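Engineer: For reference, this is upload.txt, and it has compact mmCIF, C-alpha atoms and all ligand atoms.
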# COMPACT_ATOMS: atom_id res chain seq x y z
CA MET A 179 153.39 101.18 100.36
CA ASN A 180 149.87 100.18 99.33
CA ILE A 181 147.14 99.86 101.95
CA SER A 182 144.22 97.64 100.99
CA ASP A 183 140.75 98.85 101.91
CA LYS A 184 139.40 95.32 101.66
CA TYR A 185 139.86 92.77 104.43
CA LEU A 186 139.32 89.27 103.15
CA PHE A 187 138.53 87.28 106.21
CA SER A 188 138.32 83.55 106.80
CA ALA A 189 137.31 81.86 110.04
CA ASP A 190 139.04 78.71 111.33
CA ASN A 191 135.83 76.71 111.04
CA ASP A 192 134.70 77.93 107.57
CA LEU A 193 135.57 74.66 105.81
CA GLU A 194 134.03 72.53 108.52
CA ASN A 195 130.80 74.53 108.35
CA LEU A 196 130.69 74.40 104.55
CA LYS A 197 131.36 70.66 104.61
CA ARG A 198 128.45 70.07 106.95
CA VAL A 199 126.07 71.67 104.44
CA LEU A 200 127.63 69.94 101.44
CA MET A 201 127.32 66.54 103.11
CA ASP A 202 123.70 67.36 103.97
CA LYS A 203 123.17 67.93 100.19
CA LYS A 204 120.57 70.63 100.86
CA LEU A 205 122.01 73.90 99.58
CA SER A 206 118.89 76.01 99.11
CA GLY A 207 117.37 78.61 101.38
CA THR A 208 114.93 76.11 102.90
CA SER A 209 117.71 74.12 104.58
CA ASP A 210 117.55 73.83 108.38
CA ILE A 211 120.94 75.57 108.49
CA ILE A 212 119.12 78.87 107.77
CA LEU A 213 117.13 78.52 111.00
CA GLU A 214 120.35 77.79 112.86
CA TYR A 215 121.97 80.92 111.39
CA GLU A 216 118.95 83.03 112.27
CA THR A 217 118.93 81.73 115.85
CA SER A 218 122.62 82.62 116.19
CA LEU A 219 121.94 86.16 114.92
CA GLU A 220 119.00 86.55 117.32
CA LYS A 221 121.20 85.50 120.21
CA PHE A 222 124.10 87.76 119.29
CA PHE A 223 121.95 90.86 118.83
CA SER A 224 119.35 90.01 121.54
CA SER A 225 116.67 90.38 118.88
CA LYS A 226 113.39 88.48 118.88
CA HIS A 227 113.59 87.60 115.19
CA ALA A 228 116.27 87.41 112.49
CA ILE A 229 115.37 86.76 108.85
CA ALA A 230 118.24 85.77 106.56
CA VAL A 231 118.00 87.20 103.02
CA SER A 232 120.08 87.20 99.85
CA SER A 233 121.56 90.73 100.15
CA GLY A 234 121.41 93.98 102.05
CA THR A 235 119.36 95.47 99.23
CA ALA A 236 116.91 92.54 99.51
CA ALA A 237 116.71 93.21 103.26
CA ILE A 238 115.65 96.83 102.62
CA GLN A 239 113.16 95.85 99.94
CA THR A 240 111.66 93.21 102.23
CA ALA A 241 111.46 95.66 105.15
CA LEU A 242 109.61 98.17 102.95
CA PHE A 243 107.19 95.46 101.81
CA VAL A 244 106.32 94.29 105.32
CA ALA A 245 105.94 97.91 106.46
CA GLU A 246 103.24 98.10 103.76
CA ILE A 247 104.85 100.83 101.68
CA HIS A 248 102.89 101.12 98.45
CA ASN A 249 102.91 102.93 95.14
CA GLY A 250 102.79 106.70 95.76
CA ASP A 251 103.88 106.54 99.42
CA GLU A 252 106.84 108.60 100.59
CA VAL A 253 109.89 107.28 102.42
CA ILE A 254 112.22 109.80 104.05
CA VAL A 255 115.97 109.23 103.89
CA SER A 256 119.17 111.29 104.15
CA PRO A 257 121.13 112.17 100.99
CA THR A 258 124.37 111.04 102.66
CA CYS A 259 123.50 107.35 102.28
CA PRO A 260 124.49 105.21 99.27
CA VAL A 261 122.25 104.56 96.26
CA MET A 262 121.74 101.02 97.60
CA THR A 263 119.47 102.40 100.32
CA VAL A 264 117.37 104.46 97.92
CA PHE A 265 116.93 102.15 94.90
CA PRO A 266 114.78 99.65 96.87
CA ILE A 267 112.37 102.51 97.71
CA ILE A 268 112.05 103.37 94.01
CA SER A 269 111.73 99.70 93.03
CA ILE A 270 108.54 99.28 95.08
CA GLY A 271 107.01 102.40 93.52
CA ALA A 272 107.43 104.73 96.49
CA LYS A 273 109.14 108.13 96.41
CA PRO A 274 112.35 108.82 98.35
CA ILE A 275 112.23 112.24 100.06
CA PHE A 276 115.57 113.68 101.12
CA CYS A 277 115.80 115.12 104.61
CA ASP A 278 118.83 116.94 105.98
CA THR A 279 121.23 115.32 108.44
CA CYS A 280 122.39 116.77 111.73
CA ALA A 281 125.36 119.12 111.41
CA ASP A 282 127.74 116.72 113.13
CA ASN A 283 126.47 113.19 112.46
CA PHE A 284 124.61 111.15 109.80
CA GLY A 285 121.35 111.10 111.76
CA LEU A 286 118.29 112.86 110.33
CA ASP A 287 117.79 116.41 111.57
CA ILE A 288 114.47 116.24 113.40
CA SER A 289 113.54 119.88 112.70
CA ASP A 290 113.90 119.26 108.94
CA LEU A 291 112.18 115.87 109.29
CA ASP A 292 109.23 117.61 110.90
CA LYS A 293 108.89 119.76 107.75
CA LYS A 294 109.20 116.82 105.36
CA ILE A 295 106.61 114.55 107.01
CA ASN A 296 103.10 114.66 105.52
CA LYS A 297 100.14 112.30 105.00
CA LYS A 298 102.03 110.34 102.37
CA THR A 299 105.01 109.60 104.66
CA LYS A 300 104.98 105.90 105.55
CA ALA A 301 108.52 105.19 106.72
CA VAL A 302 111.84 106.76 107.58
CA ILE A 303 115.19 105.10 106.89
CA GLU A 304 118.24 106.12 108.92
CA VAL A 305 121.73 105.09 107.75
CA PRO A 306 124.68 105.34 110.17
CA MET A 307 127.49 105.63 107.64
CA TRP A 308 130.83 103.87 108.19
CA GLY A 309 129.49 102.46 111.44
CA TYR A 310 129.34 105.82 113.28
CA PRO A 311 126.28 105.92 115.55
CA THR A 312 123.49 108.45 115.09
CA THR A 313 120.98 109.66 117.68
CA VAL A 314 118.45 106.93 116.80
CA ASN A 315 117.10 107.06 120.36
CA LYS A 316 115.71 110.56 119.75
CA LEU A 317 114.52 109.67 116.25
CA LYS A 318 112.67 106.63 117.59
CA ASP A 319 110.87 108.69 120.25
CA TYR A 320 109.92 111.35 117.70
CA LEU A 321 108.58 108.85 115.13
CA LYS A 322 106.54 107.08 117.78
CA THR A 323 104.49 110.26 118.25
CA LYS A 324 103.90 110.33 114.47
CA LYS A 325 103.17 106.57 114.16
CA ILE A 326 105.73 106.25 111.34
CA THR A 327 107.83 103.11 110.83
CA LEU A 328 111.57 103.39 111.51
CA ILE A 329 113.78 101.27 109.26
CA LEU A 330 117.50 101.23 109.96
CA ASP A 331 120.01 100.43 107.22
CA LEU A 332 122.80 99.01 109.38
CA ALA A 333 124.75 97.45 106.48
CA GLN A 334 127.90 99.22 107.73
CA ALA A 335 126.98 99.18 111.40
CA HIS A 336 127.12 95.57 112.65
CA GLY A 337 127.91 95.94 116.35
CA THR A 338 127.68 99.75 116.53
CA MET A 339 126.19 100.79 119.87
CA LEU A 340 124.29 103.65 121.49
CA ASP A 341 123.71 103.84 125.25
CA GLY A 342 125.19 100.34 125.60
CA LYS A 343 122.71 98.78 123.15
CA TYR A 344 123.07 97.66 119.54
CA LEU A 345 121.50 100.18 117.15
CA SER A 346 119.09 97.49 115.94
CA THR A 347 117.34 97.78 119.32
CA PHE A 348 115.96 101.16 118.20
CA GLY A 349 114.52 100.23 114.77
CA ASP A 350 111.17 98.67 113.95
CA LEU A 351 113.09 96.82 111.24
CA SER A 352 116.89 96.76 110.97
CA CYS A 353 118.55 95.76 107.71
CA PHE A 354 122.08 94.39 107.34
CA SER A 355 124.34 93.35 104.45
CA THR A 356 126.86 90.53 104.72
CA HIS A 357 128.65 91.36 101.46
CA ASP A 358 132.38 90.59 101.51
CA ARG A 359 133.29 94.15 102.51
CA LYS A 360 131.09 94.21 105.60
CA ILE A 361 132.04 93.26 109.17
CA LEU A 362 130.00 90.04 109.05
CA ALA A 363 130.81 88.65 105.60
CA THR A 364 129.25 85.71 103.73
CA GLY A 365 130.19 86.78 100.18
CA GLU A 366 126.71 88.02 99.34
CA GLY A 367 123.84 88.08 101.80
CA GLY A 368 121.92 90.05 104.38
CA TYR A 369 119.47 89.81 107.25
CA ILE A 370 116.69 91.70 108.97
CA LEU A 371 116.25 92.01 112.73
CA THR A 372 112.88 92.81 114.28
CA ASP A 373 111.02 92.29 117.55
CA ASN A 374 107.67 92.43 115.75
CA ASN A 375 106.02 88.99 115.25
CA HIS A 376 103.79 90.17 112.40
CA TYR A 377 106.77 91.62 110.47
CA GLU A 378 108.65 88.36 110.90
CA ILE A 379 105.81 86.26 109.47
CA GLU A 380 105.30 88.65 106.55
CA ALA A 381 109.03 88.87 105.77
CA LYS A 382 109.43 85.08 105.78
CA SER A 383 106.52 84.82 103.38
CA PHE A 384 107.71 87.62 101.06
CA ILE A 385 111.19 86.14 100.59
CA GLN A 386 109.74 82.82 99.42
CA PHE A 387 107.15 83.80 96.81
CA GLY A 388 104.43 84.62 99.36
CA ASN A 389 104.59 80.99 100.52
CA MET A 390 103.00 80.20 97.12
CA ASP A 391 99.60 80.17 98.81
CA GLY A 392 97.83 81.92 95.94
CA LYS A 393 96.93 84.86 98.20
CA SER A 394 100.20 86.57 99.08
CA PHE A 395 102.75 88.36 96.93
CA GLY A 396 106.44 87.55 97.18
CA LEU A 397 109.77 87.13 95.43
CA ASN A 398 112.77 84.90 96.02
CA PHE A 399 115.13 86.68 98.42
CA LYS A 400 116.21 83.62 100.37
CA LEU A 401 119.81 83.22 101.48
CA GLY A 402 121.54 80.02 100.30
CA ALA A 403 122.61 77.39 102.84
CA LEU A 404 126.32 77.64 101.94
CA GLN A 405 126.43 81.35 102.81
CA ALA A 406 124.43 80.77 105.98
CA SER A 407 126.86 78.06 107.11
CA VAL A 408 129.79 80.44 106.74
CA GLY A 409 127.82 83.13 108.56
CA ILE A 410 127.17 80.90 111.57
CA GLY A 411 130.89 80.43 112.16
CA ARG A 412 131.71 84.11 111.65
CA ILE A 413 129.20 85.73 114.00
CA GLU A 414 131.51 85.04 116.92
CA TYR A 415 134.27 87.05 115.19
CA ILE A 416 132.20 90.25 114.96
CA GLN A 417 133.32 91.49 118.36
CA ASN A 418 136.90 90.43 117.76
CA GLN A 419 136.95 92.41 114.50
CA ILE A 420 135.48 95.46 116.21
CA ASP A 421 138.04 95.28 119.03
CA ILE A 422 140.97 95.22 116.59
CA ARG A 423 139.47 97.94 114.39
CA LYS A 424 138.92 100.15 117.44
CA LYS A 425 142.51 99.63 118.58
CA ASN A 426 143.85 100.47 115.10
CA ALA A 427 141.63 103.55 114.90
CA GLU A 428 142.84 104.76 118.30
CA TYR A 429 146.45 104.19 117.29
CA ILE A 430 146.02 106.32 114.17
CA THR A 431 144.01 109.13 115.80
CA LYS A 432 146.53 109.38 118.66
CA GLY A 433 149.35 109.65 116.12
CA ILE A 434 147.80 112.46 114.07
CA LYS A 435 149.53 115.78 114.78
CA HIS A 436 147.84 117.76 112.02
CA LYS A 437 145.61 120.51 113.47
CA LYS A 438 143.19 120.41 110.53
CA ILE A 439 142.44 116.70 110.93
CA LYS A 440 140.54 115.04 113.73
CA GLU A 441 138.29 112.06 114.17
CA PHE A 442 134.68 112.53 113.11
CA GLY A 443 132.51 113.30 116.13
CA ILE A 444 130.91 110.44 118.05
CA VAL A 445 127.42 111.16 119.41
CA GLU A 446 126.97 111.09 123.17
CA GLY A 447 126.71 107.52 124.46
CA GLY A 448 127.77 106.15 121.06
CA MET A 449 130.35 103.51 120.15
CA PRO A 450 131.32 103.08 116.45
CA ASN A 451 132.23 99.63 115.11
CA TYR A 452 135.08 101.22 113.11
CA TYR A 453 133.93 99.79 109.80
CA SER A 454 136.24 102.62 108.75
CA LEU A 455 137.97 105.32 110.70
CA LEU A 456 136.26 108.55 109.68
CA LEU A 457 138.28 111.75 109.71
CA GLN A 458 136.92 115.27 109.75
CA LEU A 459 138.97 117.68 107.64
CA SER A 460 139.10 121.46 107.78
CA PHE A 461 141.49 122.29 104.95
CA GLU A 462 140.59 124.93 102.42
CA ASP A 463 140.65 122.14 99.82
CA ASN A 464 139.90 118.80 101.49
CA ASN A 465 140.09 116.96 98.18
CA ARG A 466 143.76 117.82 97.87
CA PHE A 467 144.40 115.87 101.09
CA ILE A 468 142.24 112.93 100.01
CA ASN A 469 144.00 112.74 96.62
CA TYR A 470 147.40 113.04 98.30
CA LEU A 471 146.66 110.04 100.53
CA SER A 472 145.41 108.06 97.55
CA GLU A 473 148.61 108.85 95.61
CA HIS A 474 150.50 107.52 98.62
CA GLY A 475 148.60 104.22 98.59
CA ILE A 476 145.99 105.03 101.23
CA PRO A 477 142.55 104.61 99.63
CA SER A 478 139.38 106.51 100.55
CA ASP A 479 135.74 105.53 100.13
CA ILE A 480 135.15 109.15 99.13
CA LEU A 481 137.12 108.51 95.91
CA ARG A 482 136.09 104.87 95.48
CA TYR A 483 132.38 105.74 95.42
CA ASN A 484 132.67 109.34 94.17
CA TYR A 485 130.88 110.18 97.42
CA LYS A 486 128.51 113.16 97.37
CA VAL A 487 124.94 113.94 98.34
CA LEU A 488 122.68 111.61 96.39
CA TYR A 489 120.75 114.27 94.46
CA GLU A 490 123.99 115.27 92.73
CA TYR A 491 123.98 111.96 90.81
CA PRO A 492 122.09 112.21 87.49
CA ILE A 493 119.81 109.25 88.26
CA LEU A 494 118.47 110.94 91.42
CA ALA A 495 118.65 114.61 90.31
CA ASP A 496 114.84 114.85 90.02
CA LEU A 497 114.58 114.30 93.77
CA LYS A 498 116.77 117.27 94.65
CA THR A 499 115.89 119.26 97.77
CA VAL A 500 118.89 121.13 99.12
CA CYS A 501 120.13 119.65 102.40
CA LYS A 502 122.72 122.09 103.74
CA ASN A 503 124.19 120.12 106.63
CA ALA A 504 124.49 117.01 104.48
CA GLN A 505 126.30 118.94 101.75
CA VAL A 506 128.82 120.40 104.20
CA LEU A 507 129.26 117.11 106.04
CA SER A 508 129.85 115.09 102.86
CA LYS A 509 132.63 117.46 101.77
CA ARG A 510 134.62 117.50 104.97
CA ILE A 511 135.21 113.80 105.63
CA THR A 512 137.42 110.97 104.50
CA THR A 513 137.83 107.31 105.46
CA ILE A 514 140.95 105.49 106.60
CA PRO A 515 141.13 101.66 106.58
CA VAL A 516 141.57 100.17 110.08
CA HIS A 517 140.68 96.51 109.41
CA PRO A 518 142.50 93.62 111.12
CA GLY A 519 144.59 92.97 107.98
CA LEU A 520 146.80 95.98 108.79
CA ASP A 521 150.02 95.31 110.74
CA SER A 522 151.87 97.90 112.83
CA ASP A 523 154.15 98.88 109.90
CA LYS A 524 151.10 99.77 107.86
CA LEU A 525 149.48 101.69 110.71
CA ASP A 526 152.72 103.67 111.23
CA TYR A 527 152.91 104.32 107.50
CA ILE A 528 149.36 105.74 107.52
CA VAL A 529 150.15 108.04 110.47
CA ASP A 530 153.43 109.21 108.87
CA GLN A 531 151.77 109.99 105.53
CA ILE A 532 148.97 111.94 107.20
CA ASN A 533 151.43 113.98 109.24
CA ALA A 534 153.69 114.65 106.23
CA PHE A 535 150.89 116.43 104.34
CA VAL A 536 151.53 120.14 103.81
C1 LIG B 601 126.53 97.51 101.33
C2 LIG B 601 125.39 98.39 101.62
C3 LIG B 601 124.09 98.12 101.12
C4 LIG B 601 123.80 97.04 100.13
O1 LIG B 601 124.08 95.75 100.58
P1 LIG B 601 124.23 94.58 99.48
O2 LIG B 601 124.37 93.36 100.31
O3 LIG B 601 125.45 94.88 98.68
O4 LIG B 601 122.99 94.58 98.67
C5 LIG B 601 123.05 98.96 101.51
N1 LIG B 601 123.25 100.00 102.32
C6 LIG B 601 124.47 100.31 102.81
C7 LIG B 601 124.63 101.47 103.74
C8 LIG B 601 125.58 99.52 102.45
O5 LIG B 601 126.80 99.84 102.93
Rewrite the structure of this file - the entire thing - as structure tokens.
Structural biologist:
Amino acid sequence: MNISDKYLFSADNDLENLKRVLMDKKLSGTSDIILEYETSLEKFFSSKHAIAVSSGTAAIQTALFVAEIHNGDEVIVSPTCPVMTVFPIISIGAKPIFCDTCADNFGLDISDLDKKINKKTKAVIEVPMWGYPTTVNKLKDYLKTKKITLILDLAQAHGTMLDGKYLSTFGDLSCFSTHDRKILATGEGGYILTDNNHYEIEAKSFIQFGNMDGKSFGLNFKLGALQASVGIGRIEYIQNQIDIRKKNAEYITKGIKHKKIKEFGIVEGGMPNYYSLLLQLSFEDNNRFINYLSEHGIPSDILRYNYKVLYEYPILADLKTVCKNAQVLSKRITTIPVHPGLDSDKLDYIVDQINAFV
């Protein structure tokens, strides 16, 4: 049996929403539909402002711009995140500085962070991988004392919660992707959430050429009206998706009898969105298990993305600073698909294959 790791979703009202924009004949990012989409996002996430942008990467680049990160500044990030989080830092001329993660979650280790922060540090980006919450509450409190901006890359964490609140509540700027693979999908796209009025004004200006006022810098990172129209209809399915993913994840974890496999730890007060089910492995050779599942039709993001700490990739090797927890963590995990496209036969198949591993 082959398990797909991609859930191609369509909402009942997709065509209706697309038709409304097509009939309106205004397809660009200055259509009123964008404001409607942003208002829906603000409502869903109880955020003061949402700014729709053309991708998750554009969201991060915009966030860095409005946080006034300049050439020569340093931005601290964990090496367990994907290149997509780090390239925007490099593209604006700043330097990514790798900081270790906690031993048991993807959050930055505050004792290492304390060593990495210096006068050049202008922002910190935290990335809760596969939708598993980190202790952003503690990070937020710590950074407040240092007056450093907290940017969250929540591309994989739509709907993930901590202490009963969406993670975006804790960031100065929270960046999301709505690429096809993500829980809110518009094909390509992204958005930023912030409660800061100044950031909102600056972000809106940056994504449309600095308003072309001759004074401000900007690029074109606007989201198109067709994507926004699809997004509007799909926001209401976010919770539904999470509920099904959570149920599927519980079904699989309950079925696992293998002593060397358990679910990745969830921080106290945290609730993952189950973008993927994350397993923690304690085999002598974890890769043998991951390859075995792949040979049996159960794909892993670890193989798909050749997942490892970022400074092990040639393009980022110059930035290497050994992060011990991150190295251990990245080698003892794998992902299991739990999206709503999986029926009970497929879920049983996954459990059986996991338990049959020797
Ligand atoms: C998908 C993703 C991005 C990039 O989003 P795009 O919309 O593809 O540009 C950035 N960070 C993380 C953690 C992601 O998963």
Engineer: Pick out the residues no farther than 6 Å from ligand LIG 601 (chain B), counting only C-alpha atoms and all ligand atoms, and list them as a tab-separated table (two decimals) with C-alpha atoms, in the coordinates of the input.
Structural biologist:
chain	number	residue	atom	x	y	z
A	233	SER	CA	121.56	90.73	100.15
A	234	GLY	CA	121.41	93.98	102.05
A	235	THR	CA	119.36	95.47	99.23
A	260	PRO	CA	124.49	105.21	99.27
A	262	MET	CA	121.74	101.02	97.60
A	263	THR	CA	119.47	102.40	100.32
A	331	ASP	CA	120.01	100.43	107.22
A	333	ALA	CA	124.75	97.45	106.48
A	334	GLN	CA	127.90	99.22	107.73
A	355	SER	CA	124.34	93.35	104.45
A	356	THR	CA	126.86	90.53	104.72
A	357	HIS	CA	128.65	91.36	101.46
A	366	GLU	CA	126.71	88.02	99.34
A	367	GLY	CA	123.84	88.08	101.80
A	368	GLY	CA	121.92	90.05	104.38
Engineer: I want to know what sits within 7 Å of stretch 415-427 of chain A, based on all atoms listed in the file, with residues of the same chain fewer than 6 positions away left out; could you give that as a short mmCIF file (atom, residue, chain, number, x, y, z; two decimals) with C-alpha atoms, keeping the file's coordinate frame?
Structural biologist:
data_model
loop_
_atom_site.label_atom_id
_atom_site.label_comp_id
_atom_site.auth_asym_id
_atom_site.auth_seq_id
_atom_site.Cartn_x
_atom_site.Cartn_y
_atom_site.Cartn_z
CA ILE A 361 132.04 93.26 109.17
CA LEU A 362 130.00 90.04 109.05
CA ASN A 451 132.23 99.63 115.11
CA TYR A 452 135.08 101.22 113.11
CA LEU A 455 137.97 105.32 110.70
CA VAL A 516 141.57 100.17 110.08
CA HIS A 517 140.68 96.51 109.41
CA PRO A 518 142.50 93.62 111.12
#
Engineer: Mind checking which residues fall within 8 Å of A:His248, counting only C-alpha atoms, ignoring those fewer than 3 positions away in the same chain, and posting them as a ChimeraX atom specification?
Structural biologist: /A:243,251,270-272
Engineer: Can you tell me how far atom CA of A:Ala301 sits from atom CA of A:Leu328, in Å to one decimal?
Structural biologist: 6.0 Å
Engineer: Taking into account all atoms listed in the file, which residue in the set A:Ile430, A:Ala245, A:Leu397, A:Leu317 is nearest to A:Thr279?
Structural biologist: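 The shortest atom-to-atom distance to A:Thr279 comes from A:Leu317.
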Engineer: Quick one: residues within 10 Å of A:Lys486, only C-alpha atoms, excluding same-chain residues fewer than 6 positions away - as a list of chain:residue names?
Structural biologist: A:Pro257, A:Thr258, A:Cys259, A:Pro260, A:Ile480, A:Ala504, A:Gln505, A:Val506, A:Leu507, A:Ser508, A:Lys509
Engineer: Using all atoms listed in the file, which residues sit within 8 Å of stretch 398-414 of chain A once same-chain residues fewer than 3 positions away are excluded, as a ChimeraX atom specification?
Structural biologist: /A:189,191-192,195-196,199-200,204-209,211-212,214-215,218-219,222,230-233,236,362-368,384-387,417-418
Engineer: Given the choices A:Ser182, A:Asn249, A:Thr499, A:Thr312, which gets closest to A:Asp290 if the distance is worked out from all atoms listed in the file?
Structural biologist: A:Thr499
Engineer: A:Asn296: which residues within 10 Å, counting all atoms listed in the file, same-chain residues fewer than 4 positions away excluded, as a list in words?
Structural biologist: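 Surrounding residues, per the criterion: Glu252, Leu291, Asp292, Lys300 and Lys324 of chain A.
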Engineer: Which residue, A:Leu520, A:Ile528, A:Leu371, A:Ala534, has the smallest gap to A:Lys184 when you use all atoms listed in the file?
Structural biologist: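 Counting all atoms listed in the file, the residue closest to A:Lys184 is A:Leu520.
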Engineer: For a quick check of understanding, using all atoms listed in the file, which of A:Ser224, A:Val255, A:Asp391, A:Phe442 has the smallest distance to A:Ile288?
Structural biologist: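 Going through A:Ser224, A:Val255, A:Asp391, A:Phe442 one by one, the smallest distance to A:Ile288 is for A:Val255.
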Engineer: How many Å separate atom CA of A:His336 from atom CA of A:Tyr453?
Structural biologist: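 For atom CA of A:His336 relative to atom CA of A:Tyr453, the distance reads 8.5 Å.
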Engineer: Just how far from atom CA of A:Arg359 is atom CA of A:Ser188, in Å to one decimal?
Structural biologist: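 Value for the atom CA of A:Ser188-atom CA of A:Arg359 distance: 12.5 Å.
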Engineer: Pick the closest to A:Tyr429 from A:Leu481, A:Val529, A:Ile229, A:Leu213: which is it, counting only C-alpha atoms?
Structural biologist: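 The shortest atom-to-atom distance to A:Tyr429 comes from A:Val529.
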Engineer: Please identify all polymer residues lying at most 10 Å from the point (147.8, 100.0, 97.2) (file coordinates), using all atoms listed in the file, and present the result as a list in words.
Structural biologist: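 Every polymer residue passing the test: Met179, Asn180, Ile181, Ser182, Asp183, Ser472, Glu473, His474, Gly475, Ile476 and Pro477 of chain A.
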Engineer: Between A:Lys316, A:Lys293, A:Lys432, A:Lys382, single out the one closest to A:Glu216, counting only C-alpha atoms.
Structural biologist: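 Of A:Lys316, A:Lys293, A:Lys432, A:Lys382, the one nearest A:Glu216, counting only C-alpha atoms, is A:Lys382.
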